[in-house]
Structures are given as C-alpha cells and as structure tokens.
$ cat entry_3.txt   # compact mmCIF, C-alpha atoms
# COMPACT_ATOMS: atom_id res chain seq x y z
CA MET A 1 -61.48 45.09 -55.70
CA LYS A 2 -58.54 45.58 -53.45
CA LYS A 3 -55.36 43.61 -53.98
CA THR A 4 -55.53 42.07 -50.51
CA THR A 5 -59.03 40.84 -51.14
CA LYS A 6 -57.94 39.28 -54.43
CA ALA A 7 -55.04 37.55 -52.72
CA THR A 8 -57.27 36.16 -49.98
CA ILE A 9 -59.72 34.77 -52.53
CA ALA A 10 -56.88 33.19 -54.48
CA ALA A 11 -55.41 31.56 -51.35
CA VAL A 12 -58.78 30.14 -50.32
CA ALA A 13 -59.25 28.73 -53.78
CA ALA A 14 -55.82 27.14 -53.79
CA GLY A 15 -56.44 25.59 -50.36
CA ALA A 16 -59.74 24.17 -51.53
CA LEU A 17 -58.10 22.64 -54.57
CA LEU A 18 -55.35 21.12 -52.40
CA ILE A 19 -57.82 19.59 -49.96
CA GLY A 20 -59.86 18.28 -52.83
CA GLY A 21 -56.78 16.77 -54.42
CA ALA A 22 -55.83 15.07 -51.15
CA GLY A 23 -59.24 13.53 -51.02
CA THR A 24 -58.61 11.81 -54.24
CA LEU A 25 -55.70 9.87 -52.59
CA ALA A 26 -57.98 8.10 -50.07
CA LEU A 27 -57.69 4.66 -51.68
CA TRP A 28 -58.41 1.31 -49.97
CA GLN A 29 -56.63 0.56 -46.77
CA ALA A 30 -56.74 -2.58 -44.59
CA GLU A 31 -55.43 -2.90 -41.02
CA ASP A 32 -54.92 -5.70 -38.52
CA ASN A 33 -53.28 -5.89 -35.11
CA VAL A 34 -50.35 -8.16 -34.30
CA ASP A 35 -49.69 -9.10 -30.67
CA ALA A 36 -45.91 -9.36 -30.25
CA GLY A 37 -46.11 -9.24 -26.50
CA THR A 38 -44.25 -6.80 -24.29
CA VAL A 39 -40.51 -6.40 -24.20
CA THR A 40 -39.11 -5.47 -20.81
CA THR A 41 -35.64 -4.19 -20.03
CA GLY A 42 -33.63 -6.09 -17.49
CA HIS A 43 -31.50 -4.66 -14.74
CA LEU A 44 -28.09 -4.85 -13.13
CA GLU A 45 -27.85 -3.92 -9.48
CA LEU A 46 -25.14 -4.15 -6.87
CA THR A 47 -25.53 -4.10 -3.12
CA THR A 48 -23.30 -5.07 -0.22
CA ASP A 49 -24.29 -7.42 2.55
CA GLY A 50 -23.28 -6.88 6.15
CA GLU A 51 -19.92 -5.78 7.44
CA GLY A 52 -16.72 -6.79 5.74
CA VAL A 53 -14.04 -8.65 7.65
CA TRP A 54 -10.30 -8.04 7.62
CA THR A 55 -7.88 -10.95 7.67
CA ASP A 56 -4.12 -11.17 7.63
CA ALA A 57 -3.13 -13.25 4.61
CA SER A 58 0.61 -12.79 5.04
CA PRO A 59 2.32 -16.15 4.52
CA ASP A 60 4.22 -15.94 7.80
CA ALA A 61 1.49 -14.36 9.91
CA ALA A 62 1.22 -15.75 13.42
CA THR A 63 -2.57 -15.31 13.31
CA THR A 64 -5.03 -14.47 10.58
CA THR A 65 -6.77 -11.74 12.54
CA PHE A 66 -6.20 -8.15 11.51
CA ASP A 67 -7.67 -5.01 13.00
CA PRO A 68 -6.79 -1.87 11.01
CA VAL A 69 -7.43 0.24 14.11
CA THR A 70 -4.74 -1.42 16.20
CA ASP A 71 -2.60 -3.30 13.70
CA SER A 72 -0.32 -1.80 11.08
CA ILE A 73 1.22 -3.30 7.98
CA VAL A 74 4.90 -3.63 7.18
CA PRO A 75 6.82 -4.69 4.06
CA GLY A 76 5.89 -8.25 3.12
CA ASP A 77 2.37 -8.06 4.53
CA THR A 78 -0.80 -8.94 2.69
CA VAL A 79 -4.14 -8.17 4.26
CA GLU A 80 -7.58 -8.82 2.84
CA PHE A 81 -10.94 -7.19 3.29
CA ASN A 82 -13.58 -9.81 2.61
CA GLN A 83 -17.04 -8.64 1.72
CA THR A 84 -20.02 -10.32 0.12
CA VAL A 85 -21.81 -8.37 -2.58
CA THR A 86 -25.17 -9.12 -4.06
CA ILE A 87 -25.60 -8.84 -7.79
CA ASP A 88 -29.12 -8.73 -9.13
CA ALA A 89 -28.79 -9.38 -12.83
CA GLU A 90 -31.55 -9.78 -15.34
CA GLY A 91 -31.21 -9.67 -19.07
CA LYS A 92 -30.70 -12.31 -21.72
CA ASN A 93 -27.21 -11.19 -22.60
CA ILE A 94 -26.23 -9.51 -19.37
CA GLN A 95 -22.61 -9.70 -18.36
CA GLY A 96 -20.68 -7.59 -15.93
CA ALA A 97 -17.21 -6.77 -14.71
CA LEU A 98 -16.46 -5.85 -11.11
CA THR A 99 -13.71 -3.37 -10.36
CA VAL A 100 -12.61 -1.49 -7.29
CA GLY A 101 -11.83 2.21 -7.35
CA THR A 102 -8.99 3.20 -5.05
CA VAL A 103 -8.38 6.79 -6.08
CA GLY A 104 -6.56 8.64 -3.33
CA ALA A 105 -6.39 5.66 -1.01
CA VAL A 106 -2.64 5.16 -1.19
CA PRO A 107 -0.48 8.19 -0.36
CA ALA A 108 2.32 9.16 -2.72
CA ASP A 109 5.07 7.79 -0.49
CA LEU A 110 3.52 4.32 -0.71
CA GLU A 111 2.46 4.24 -4.35
CA THR A 112 5.50 2.25 -5.44
CA TYR A 113 5.21 -0.23 -2.62
CA VAL A 114 1.55 -0.77 -1.79
CA THR A 115 -1.04 -2.14 -4.20
CA ILE A 116 -4.77 -2.66 -3.83
CA ALA A 117 -6.44 -5.34 -5.89
CA LEU A 118 -9.85 -6.94 -6.17
CA ASP A 119 -10.41 -10.68 -6.29
CA VAL A 120 -13.85 -12.01 -7.12
CA ASP A 121 -14.95 -15.46 -6.04
CA ALA A 122 -17.02 -16.53 -9.01
CA SER A 123 -17.64 -20.02 -7.70
CA ALA A 124 -21.28 -19.32 -6.89
CA GLU A 125 -23.68 -21.43 -8.89
CA GLY A 126 -24.86 -19.76 -12.06
CA ILE A 127 -21.86 -17.48 -12.40
CA THR A 128 -18.92 -17.95 -14.67
CA GLU A 129 -15.88 -15.74 -14.84
CA ALA A 130 -13.53 -15.31 -17.73
CA GLY A 131 -11.04 -12.54 -18.10
CA GLY A 132 -12.59 -10.58 -15.28
CA VAL A 133 -16.05 -10.65 -16.86
CA LEU A 134 -18.88 -12.26 -14.93
CA SER A 135 -21.58 -14.04 -16.88
CA PHE A 136 -24.89 -15.05 -15.42
CA ALA A 137 -26.63 -18.23 -16.49
CA ALA A 138 -30.06 -16.86 -15.71
CA ALA A 139 -31.77 -13.87 -14.23
CA GLY A 140 -31.41 -13.88 -10.50
CA VAL A 141 -29.73 -12.65 -7.37
CA TYR A 142 -26.19 -13.84 -6.83
CA GLU A 143 -24.15 -13.66 -3.64
CA VAL A 144 -20.57 -13.04 -4.67
CA PRO A 145 -17.71 -12.95 -2.14
CA VAL A 146 -15.05 -10.41 -3.04
CA SER A 147 -11.67 -9.73 -1.49
CA ILE A 148 -9.95 -6.38 -1.55
CA THR A 149 -6.28 -7.16 -1.06
CA VAL A 150 -3.73 -4.68 0.23
CA THR A 151 -0.17 -5.82 -0.46
CA PHE A 152 2.94 -4.13 0.89
CA ASP A 153 5.80 -5.41 -1.27
CA GLU A 154 8.61 -7.00 0.70
CA GLY A 155 11.41 -5.75 -1.50
CA ALA A 156 15.06 -6.49 -0.92
CA VAL A 157 16.81 -5.77 2.36
CA GLY A 158 17.33 -2.05 2.83
CA THR A 159 15.40 -1.00 -0.27
CA THR A 160 12.16 0.14 1.32
CA PRO A 161 12.65 3.76 2.40
CA ASN A 162 11.74 4.99 5.85
CA THR A 163 9.30 7.42 4.24
CA THR A 164 6.93 4.47 3.94
CA MET A 165 6.64 4.25 7.73
CA ASP A 166 3.63 5.53 9.68
CA GLU A 167 1.64 6.34 6.55
CA PRO A 168 -2.16 6.08 6.45
CA ILE A 169 -4.00 4.12 3.79
CA ASP A 170 -7.52 5.49 3.51
CA LEU A 171 -9.93 2.74 2.54
CA THR A 172 -13.08 4.49 3.70
CA GLN A 173 -14.23 5.41 0.20
CA LEU A 174 -13.55 2.35 -1.89
CA THR A 175 -15.90 2.14 -4.82
CA LEU A 176 -17.06 -1.18 -6.17
CA THR A 177 -18.24 -0.78 -9.72
CA LEU A 178 -20.18 -3.33 -11.71
CA ASP A 179 -20.10 -2.42 -15.38
CA GLN A 180 -22.25 -4.13 -17.94
CA ILE A 181 -20.06 -5.69 -20.58
CA ARG A 182 -20.95 -6.36 -24.20
CA SER A 183 -18.76 -8.97 -25.73
CA MET B 184 -25.70 19.18 -56.28
CA PRO B 185 -23.14 21.74 -55.10
CA LYS B 186 -20.00 20.39 -53.45
CA GLN B 187 -20.68 22.28 -50.25
CA LEU B 188 -24.08 20.69 -49.93
CA LYS B 189 -22.60 17.23 -50.54
CA PHE B 190 -19.98 17.81 -47.90
CA THR B 191 -22.59 18.99 -45.40
CA LEU B 192 -24.69 15.90 -46.03
CA VAL B 193 -21.72 13.56 -45.58
CA ALA B 194 -20.73 15.31 -42.35
CA ALA B 195 -24.26 15.02 -41.05
CA VAL B 196 -24.33 11.27 -41.80
CA VAL B 197 -20.98 10.74 -40.08
CA LEU B 198 -22.16 12.69 -37.04
CA ALA B 199 -25.34 10.66 -36.93
CA LEU B 200 -23.34 7.42 -37.08
CA PHE B 201 -21.01 8.65 -34.35
CA LEU B 202 -23.89 9.56 -32.09
CA GLY B 203 -25.40 6.17 -32.79
CA ALA B 204 -22.19 4.42 -31.80
CA GLN B 205 -22.03 6.48 -28.60
CA GLY B 206 -25.45 5.27 -27.74
CA THR B 207 -24.47 1.62 -27.91
CA ALA B 208 -21.61 2.21 -25.47
CA ALA B 209 -23.93 3.50 -22.78
CA VAL B 210 -24.13 0.22 -20.92
CA TRP B 211 -25.36 -0.02 -17.37
CA ARG B 212 -23.21 0.63 -14.34
CA ALA B 213 -23.91 -0.16 -10.70
CA GLU B 214 -21.74 1.27 -7.95
CA ARG B 215 -21.45 0.78 -4.24
CA ASN B 216 -19.12 2.40 -1.74
CA ILE B 217 -17.30 0.28 0.79
CA ASP B 218 -15.88 1.67 4.00
CA ALA B 219 -13.02 -0.62 4.96
CA GLY B 220 -11.58 1.87 7.42
CA THR B 221 -8.14 3.38 7.51
CA MET B 222 -5.01 1.40 8.17
CA ARG B 223 -1.47 2.53 8.72
CA THR B 224 1.92 1.26 7.87
CA GLY B 225 4.08 0.41 10.85
CA ASN B 226 7.59 1.52 11.60
CA LEU B 227 10.99 0.16 12.46
CA LEU B 228 13.01 1.98 15.06
CA LEU B 229 16.15 0.82 16.79
CA LEU B 230 16.97 2.91 19.82
CA VAL B 231 20.22 3.10 21.73
CA GLY B 232 20.59 4.18 25.33
CA ALA B 233 18.63 3.66 28.49
CA GLU B 234 15.36 5.42 29.17
CA PRO B 235 14.62 8.26 29.08
CA LYS B 236 17.58 9.25 26.90
CA GLU B 237 17.28 6.55 24.24
CA ALA B 238 17.73 7.80 20.69
CA ALA B 239 18.57 6.67 17.20
CA ASN B 240 21.87 8.55 17.53
CA TYR B 241 23.13 8.16 21.06
CA GLU B 242 26.14 9.84 22.60
CA PHE B 243 27.79 7.15 24.67
CA ILE B 244 29.15 9.44 27.37
CA GLU B 245 29.07 6.65 29.95
CA LEU B 246 32.17 5.20 28.34
CA ASP B 247 34.87 7.62 29.43
CA GLY B 248 38.16 6.60 27.82
CA SER B 249 40.26 9.53 28.93
CA ASN B 250 43.60 8.99 30.66
CA LEU B 251 43.77 5.32 29.77
CA VAL B 252 47.19 3.74 29.93
CA PRO B 253 48.31 0.39 28.57
CA GLY B 254 46.82 -2.49 30.51
CA GLN B 255 43.70 -0.53 31.47
CA TYR B 256 40.17 -0.57 30.20
CA VAL B 257 36.87 1.23 30.53
CA GLN B 258 33.46 -0.33 30.26
CA ALA B 259 29.86 0.79 30.47
CA PRO B 260 26.41 -0.64 29.83
CA LEU B 261 24.65 0.20 26.61
CA MET B 262 20.94 -0.47 26.18
CA LEU B 263 19.45 -1.25 22.77
CA SER B 264 15.70 -1.34 22.37
CA ASN B 265 13.01 -1.72 19.77
CA GLY B 266 11.02 1.51 19.62
CA GLY B 267 8.96 0.54 16.56
CA THR B 268 5.97 -1.60 15.76
CA THR B 269 7.89 -4.37 14.08
CA ASP B 270 10.07 -7.15 15.43
CA LEU B 271 13.64 -6.63 14.34
CA LEU B 272 17.07 -8.16 14.22
CA TYR B 273 19.95 -5.86 14.97
CA ASN B 274 23.65 -6.21 14.43
CA LEU B 275 26.83 -4.26 14.78
CA VAL B 276 27.87 -3.00 11.36
CA GLY B 277 31.19 -1.44 12.03
CA ALA B 278 32.93 0.54 14.73
CA SER B 279 35.61 3.13 15.02
CA ALA B 280 37.83 4.30 17.86
CA LYS B 281 39.49 7.18 16.02
CA PRO B 282 38.63 10.86 16.38
CA GLU B 283 37.30 12.57 13.27
CA THR B 284 40.73 13.99 12.37
CA PRO B 285 43.10 11.47 13.92
CA THR B 286 46.76 12.10 14.58
CA ASP B 287 49.32 9.35 14.15
CA ALA B 288 49.12 8.71 17.87
CA ASP B 289 45.32 8.52 17.70
CA THR B 290 45.53 6.00 14.88
CA ALA B 291 48.15 3.88 16.65
CA LEU B 292 46.09 3.90 19.82
CA ALA B 293 42.86 3.00 18.04
CA ASP B 294 44.51 0.23 16.05
CA SER B 295 45.92 -1.33 19.19
CA SER B 296 42.77 -0.99 21.33
CA ILE B 297 40.43 -3.91 21.82
CA LEU B 298 36.66 -3.60 21.70
CA SER B 299 34.65 -6.20 23.63
CA ILE B 300 30.86 -6.41 23.61
CA TYR B 301 28.97 -8.83 25.81
CA ALA B 302 25.28 -9.64 26.18
CA GLY B 303 23.56 -11.17 29.18
CA MET B 304 24.91 -8.75 31.74
CA THR B 305 22.86 -6.30 33.74
CA ALA B 306 23.78 -2.63 33.77
CA VAL B 307 24.91 -2.96 37.37
CA ALA B 308 27.12 -5.93 36.58
CA CYS B 309 28.80 -3.87 33.83
CA ASP B 310 29.60 -0.88 35.99
CA GLY B 311 33.12 -0.07 37.06
CA ARG B 312 35.76 -2.67 36.38
CA GLN B 313 33.80 -5.81 37.01
CA ALA B 314 34.63 -8.93 35.06
CA LEU B 315 32.85 -9.57 31.79
CA SER B 316 30.44 -12.47 31.73
CA GLY B 317 27.52 -13.71 29.71
CA GLN B 318 27.76 -14.08 25.93
CA MET B 319 30.60 -12.52 24.01
CA LEU B 320 29.21 -10.92 20.86
CA TYR B 321 32.38 -9.30 19.58
CA LYS B 322 36.00 -8.97 20.54
CA GLY B 323 38.52 -7.32 18.30
CA THR B 324 39.60 -4.06 16.77
CA ALA B 325 37.03 -1.31 16.47
CA ASN B 326 37.02 -1.16 12.68
CA SER B 327 34.56 -1.08 9.82
CA THR B 328 34.25 -4.87 9.70
CA ALA B 329 33.26 -5.28 13.33
CA LYS B 330 30.11 -7.40 13.41
CA PHE B 331 28.29 -9.88 15.63
CA ALA B 332 28.37 -13.47 14.42
CA VAL B 333 24.58 -13.65 14.68
CA ALA B 334 22.04 -10.81 14.59
CA ARG B 335 20.17 -10.22 17.83
CA PRO B 336 16.34 -10.18 18.03
CA LEU B 337 14.33 -7.42 19.63
CA LEU B 338 10.58 -7.82 19.70
CA SER B 339 8.23 -4.91 19.19
CA GLU B 340 6.11 -5.80 22.21
CA ASN B 341 6.76 -4.04 25.44
CA GLY B 342 8.73 -6.13 27.85
CA ASP B 343 12.16 -7.59 28.37
CA ALA B 344 12.28 -9.06 24.87
CA SER B 345 12.09 -5.59 23.35
CA LYS B 346 15.42 -4.46 24.80
CA GLU B 347 18.83 -5.81 25.47
CA ASN B 348 21.61 -4.56 27.67
CA LEU B 349 25.11 -4.82 26.30
CA CYS B 350 28.33 -4.37 28.18
CA VAL B 351 30.88 -2.50 26.09
CA ARG B 352 34.54 -2.54 27.04
CA LEU B 353 37.39 -0.69 25.38
CA SER B 354 40.81 -1.81 26.54
CA ILE B 355 44.40 -0.92 25.72
CA PRO B 356 46.66 -3.90 25.86
CA SER B 357 49.76 -3.70 27.96
CA ASN B 358 51.89 -4.16 24.86
CA ALA B 359 50.43 -1.13 23.05
CA PRO B 360 53.09 0.53 20.86
CA GLN B 361 54.92 3.62 22.01
CA ALA B 362 53.49 5.44 18.99
CA ALA B 363 50.10 5.33 20.69
CA SER B 364 51.34 7.47 23.52
CA GLY B 365 49.40 10.71 23.75
CA GLY B 366 46.64 9.46 21.46
CA SER B 367 42.95 9.79 22.14
CA LEU B 368 40.03 7.53 21.42
CA LYS B 369 36.54 8.24 20.23
CA LEU B 370 34.42 5.13 20.11
CA VAL B 371 31.62 5.03 17.56
CA LEU B 372 29.44 1.95 17.27
CA ASN B 373 27.13 1.51 14.29
CA PHE B 374 24.12 -0.72 14.73
CA VAL B 375 21.48 -1.51 12.15
CA GLY B 376 18.07 -3.04 12.63
CA GLN B 377 16.32 -5.09 9.99
CA GLN B 378 12.69 -6.10 9.94
CA GLN B 379 12.43 -9.64 11.18
$ encode --input "entry_3.txt" --output "structure tokens"
Amino acid sequence: MKKTTKATIAAVAAGALLIGGAGTLALWQAEDNVDAGTVTTGHLELTTDGEGVWTDASPDAATTTFDPVTDSIVPGDTVEFNQTVTIDAEGKNIQGALTVGTVGAVPADLETYVTIALDVDASAEGITEAGGVLSFAAAGVYEVPVSITVTFDEGAVGTTPNTTMDEPIDLTQLTLTLDQIRS
Amino acid sequence: MPKQLKFTLVAAVVLALFLGAQGTAAVWRAERNIDAGTMRTGNLLLLVGAEPKEAANYEFIELDGSNLVPGQYVQAPLMLSNGGTTDLLYNLVGASAKPETPTDADTALADSSILSIYAGMTAVACDGRQALSGQMLYKGTANSTAKFAVARPLLSENGDASKENLCVRLSIPSNAPQAASGGSLKLVLNFVGQQQ
C-alpha cells in the first residue's frame, strides 16, 4: 500500500472520530424568543429658511438698514446678518452646539480690527442654551434665529491704520455647523 | 509566556481601547453654508484744493507771497472736501511759513507774519485783496500750534456739505523787524480729518 493511500485512510478515520465525538456533545438545549422592540437612531439636521437680512446695529446708526452692496463699514460699526435656521433634532440625549466658520472671510489687514461672531436666540420653546450648547426638550423641529455679527472695533483716535480702508470682507461662504455634544 | 508576547498583547489591548474611544467621539455634525454676500470697509479721505486738482497733498500755488513788503498781504481761496465714504471732522494741526532751510531773514519774516483763515467766503470773494468776512477760524503766527477752536464737519455725501471753501491770508505787519528784510515765506498748512 502506498504511503499516500495510508495517509488518506488515516485522515478519513480521524475525521470520522472527530465528527463522532462532536455528536456526543449534543446535549439538551431550550430556546425562547424575547421581544425587546426595535431601537431606532435619531437624527440631527440643520437647514436654513429663506433669505437672511442685514441690519445696522451700530449704537449711533441713523437707520438700522444696511445693504452690503452699497454700504460700507467703518471703525465703530456693528452690522448683523439675521437668519433663521431649522434644527430637526431627535434622540433622547441629543444636544448640539452651533458655530460659524469664517475661514478666509476677513483679510489679513483687518484681522486685528474686525471680528465675526455668532449669536443664537435660544428663546424658542423647547430649547435651552447653556454655555453655547443647545438642549432639546423633545424630538422635533425647532426654528432658531441666529445672528452673525460683524464688528469693526472703534479703537482710539488715530490708531486704526489706513490699510483697513476699502477692504472686502467675503461672507459668501460662511459655514454654520451644528455639532452633537455629549456632556 | 515570553515577554515579547506579553508586550504585544498589552499593545493590542491599548490599541483596541483607543479605537473604541475614537468611536465614541464620532458624534453627528450637520452643516449648512450661508451666503451673506461681500461687504467692504469704507474710507476716510480729506482732500485739499478745488476740482479737478484736489489732492491729499496740495501745492497751494494760488497763494503767491513773493515780493511782499511790510503792510501787505496775499490771500487765496482754499477748498477742503471729503473724498471718502465717511463723515469727518477736520482741523488745522499746525502751520509753517518757513522754507525748508530757513535763513535768519526767513525766520524773522515767518515769525512776524500773520496767518488768517476764514470760512463762509466764496472763492470769488477771497480773490485779490478783498476784505475778509465770514467766520474767523484762525488768526496768528503760522506755527506748529496753529489750530481751529472747533473742528469743522464735512459730510461724505455729495453736495455743499461735503466741501468747504476757506480764505487764507498771509500778511506782513507794517512793523515787521528789519531782520526780516530779504526773507522768503513758504506757507505749509497741515489739516487732519477724523472720522465723525
């Protein structure tokens, strides 16, 4: 008998013994189903509603209207872009923080003098705000007014350089970000 | 168990924990772009001189002070205007009647000369040797402390309120010292505009 034939026979025998041994482990087993329902993930979505509106919030402004196409800002000015955003939040422990991304909006000559900030009106029913974090009392859709404020510091007389004149502030690509927060 | 194997196991556990922790930080994020347009900063520009030669640095050639003798004067209109986008207040912040390298005679002449600046006069009314009228803004020596008592407003809007005509007179009193004889004058007026 060839060696390969012997090896094949031995392997078959070992396999048969193994299968037979496994069979001897088939003891009693009982099963039952438990219905724990279905768990669904929530969601956190952000959309904007309609066109935003610019206003002049400077304390000594003659009028509150502001048109960025025809009007320009000078030291001491504060202008606001008011926009309503819709937050669709669902999740037992869902919380979020709104921020505005302004990368590249303010040119280098203005960086020391012009700031862009976001103010969130969290007075809508069902929303609470603490430390910049919005909490939602229940799943739902919330209309949240936000203001993007552009402030040109007044500074002391003669301290604002002329290089800050006639500079553009590009606010065409502002990014509102709503990040889920875990406390 | 060999040390190397132990170390490998510990490293694997730490890596697994780290990856686990990374997973818990992957909270949701929603983003939305807002196009709020582009705005510009304004500017502040005080111009001197009548159109079309107005400039930030204006050569006041209309005031020709050559060949003046004691008791005489020269005068000429000087227009100041707001060429910027912002309302401003301007003021005189010093003057000088001396050439850049003055001689003793130049200094004596400058120190004895009298600078008068009036508002409320038209350019025509200021021509020649007509009498000064309107509001006197300054009268005295053309020195570094020369200043109007109250800054003057110039609005940024086009129109009369955006410019003002001044009548500038430089006179040599009849009692000017003999040391001023042969001196020459070079009048320099420094104005500054501040955002209103």
$ closest_residue --input "entry_3.txt" --among "A:Gly132, A:Pro59, A:Gly37, A:Pro75" --to "chain B" --atoms "only C-alpha atoms"
A:Pro75
$ interface_residues --input "entry_3.txt" --of "chain A" --to "chain B" --cutoff "7 Å" --atoms "only C-alpha atoms" --output "number ranges by chain"
A: 44-47, 68-69, 72-74, 165-180
$ residues_around --input "entry_3.txt" --residues "Val150 (chain A)" --least-positions-apart "4" --cutoff "8 Å" --atoms "all atoms listed in the file" --output "JSON, numbers by chain"
{"A": [78, 79, 80, 114, 115, 116, 117]}
$ write_last_selection --input "entry_3.txt" --atoms "C-alpha atoms" --output "compact mmCIF listing (two decimals), keeping the file's coordinate frame"
# COMPACT_ATOMS: atom_id res chain seq x y z
CA THR A 78 -0.80 -8.94 2.69
CA VAL A 79 -4.14 -8.17 4.26
CA GLU A 80 -7.58 -8.82 2.84
CA VAL A 114 1.55 -0.77 -1.79
CA THR A 115 -1.04 -2.14 -4.20
CA ILE A 116 -4.77 -2.66 -3.83
CA ALA A 117 -6.44 -5.34 -5.89
$ residues_around --input "entry_3.txt" --residues "Asn326 (chain B)" --least-positions-apart "5" --cutoff "9 Å" --atoms "only C-alpha atoms" --output "list in words"
Gly277, Ala278, Ser279, Ala280, Ala293 and Asp294 of chain B
$ closest_residue --input "entry_3.txt" --among "A:Ala97, A:Val144, A:Ala10, A:Ala26" --to "Asp121 (chain A)" --atoms "all atoms listed in the file"
A:Val144
$ atom_distance --input "entry_3.txt" --atom1 "CA of Leu315 (chain B)" --atom2 "CA of Leu338 (chain B)"
25.4 Å
$ atom_distance --input "entry_3.txt" --atom1 "CA of Ser339 (chain B)" --atom2 "CA of Glu245 (chain B)"
26.1 Å
$ atom_distance --input "entry_3.txt" --atom1 "CA of Leu110 (chain A)" --atom2 "CA of Asn240 (chain B)"
26.2 Å
$ residues_around --input "entry_3.txt" --residues "Thr128 (chain A)" --least-positions-apart "4" --cutoff "12 Å" --atoms "all atoms listed in the file" --output "list in words"
Gln95, Gly96, Ala97, Val120, Asp121, Ala122, Ser123, Ala124, Gly132, Val133, Leu134, Ser135, Phe136, Ala137, Ala138, Tyr142 and Val144 of chain A
$ write_last_selection --input "entry_3.txt" --atoms "C-alpha atoms" --output "PDB file, in the coordinates of the input"
ATOM      1  CA  GLN A  95     -22.610  -9.700 -18.360  1.00  0.00           C
ATOM      2  CA  GLY A  96     -20.680  -7.590 -15.930  1.00  0.00           C
ATOM      3  CA  ALA A  97     -17.210  -6.770 -14.710  1.00  0.00           C
ATOM      4  CA  VAL A 120     -13.850 -12.010  -7.120  1.00  0.00           C
ATOM      5  CA  ASP A 121     -14.950 -15.460  -6.040  1.00  0.00           C
ATOM      6  CA  ALA A 122     -17.020 -16.530  -9.010  1.00  0.00           C
ATOM      7  CA  SER A 123     -17.640 -20.020  -7.700  1.00  0.00           C
ATOM      8  CA  ALA A 124     -21.280 -19.320  -6.890  1.00  0.00           C
ATOM      9  CA  GLY A 132     -12.590 -10.580 -15.280  1.00  0.00           C
ATOM     10  CA  VAL A 133     -16.050 -10.650 -16.860  1.00  0.00           C
ATOM     11  CA  LEU A 134     -18.880 -12.260 -14.930  1.00  0.00           C
ATOM     12  CA  SER A 135     -21.580 -14.040 -16.880  1.00  0.00           C
ATOM     13  CA  PHE A 136     -24.890 -15.050 -15.420  1.00  0.00           C
ATOM     14  CA  ALA A 137     -26.630 -18.230 -16.490  1.00  0.00           C
ATOM     15  CA  ALA A 138     -30.060 -16.860 -15.710  1.00  0.00           C
ATOM     16  CA  TYR A 142     -26.190 -13.840  -6.830  1.00  0.00           C
ATOM     17  CA  VAL A 144     -20.570 -13.040  -4.670  1.00  0.00           C
TER      18      VAL A 144
END
$ residues_around --input "entry_3.txt" --residues "Thr284 (chain B)" --least-positions-apart "5" --cutoff "12 Å" --atoms "all atoms listed in the file" --output "ChimeraX atom specification"
/B:289-290,366-369
$ residues_around --input "entry_3.txt" --residues "region 351-360 of chain B" --least-positions-apart "4" --cutoff "9 Å" --atoms "all atoms listed in the file" --output "PyMOL selection string"
chain B and resi 246+248+251-261+291-293+295-301+309+315+325+364+370
$ decode --input "entry_3.txt" --residues "region 236-250 of chain B" --atoms "N, CA and C atoms" --output "CSV table (one decimal), in the first residue's frame"
chain,number,residue,atom,x,y,z
B,236,LYS,N,-8.2,119.5,-9.3
B,236,LYS,CA,-6.8,119.3,-8.8
B,236,LYS,C,-6.7,119.0,-7.3
B,237,GLU,N,-7.9,118.6,-6.7
B,237,GLU,CA,-7.8,118.3,-5.3
B,237,GLU,C,-6.9,117.1,-5.0
B,238,ALA,N,-6.3,117.1,-3.9
B,238,ALA,CA,-5.4,116.0,-3.5
B,238,ALA,C,-5.2,116.0,-2.0
B,239,ALA,N,-4.6,114.9,-1.6
B,239,ALA,CA,-4.3,114.8,-0.1
B,239,ALA,C,-3.1,115.7,0.2
B,240,ASN,N,-2.2,115.9,-0.7
B,240,ASN,CA,-1.1,116.8,-0.6
B,240,ASN,C,-1.2,117.8,-1.7
B,241,TYR,N,-1.6,119.0,-1.4
B,241,TYR,CA,-1.9,120.0,-2.4
B,241,TYR,C,-0.9,121.1,-2.3
B,242,GLU,N,-0.4,121.5,-3.5
B,242,GLU,CA,0.5,122.6,-3.6
B,242,GLU,C,-0.3,123.9,-3.8
B,243,PHE,N,-0.2,124.7,-2.8
B,243,PHE,CA,-1.1,125.9,-2.8
B,243,PHE,C,-0.4,127.1,-3.5
B,244,ILE,N,-0.4,126.9,-4.9
B,244,ILE,CA,0.3,127.9,-5.7
B,244,ILE,C,-0.5,129.2,-5.9
B,245,GLU,N,-1.8,129.1,-5.5
B,245,GLU,CA,-2.6,130.3,-5.7
B,245,GLU,C,-2.2,131.4,-4.7
B,246,LEU,N,-1.5,131.0,-3.6
B,246,LEU,CA,-1.1,132.0,-2.6
B,246,LEU,C,0.4,132.3,-3.0
B,247,ASP,N,0.5,133.4,-3.7
B,247,ASP,CA,1.8,133.8,-4.1
B,247,ASP,C,2.3,134.9,-3.2
B,248,GLY,N,3.3,134.6,-2.4
B,248,GLY,CA,3.8,135.5,-1.4
B,248,GLY,C,5.1,136.2,-1.7
B,249,SER,N,5.4,136.2,-3.0
B,249,SER,CA,6.7,136.8,-3.4
B,249,SER,C,6.5,138.3,-3.4
B,250,ASN,N,7.6,139.0,-3.1
B,250,ASN,CA,7.7,140.5,-3.2
B,250,ASN,C,6.8,141.2,-2.2
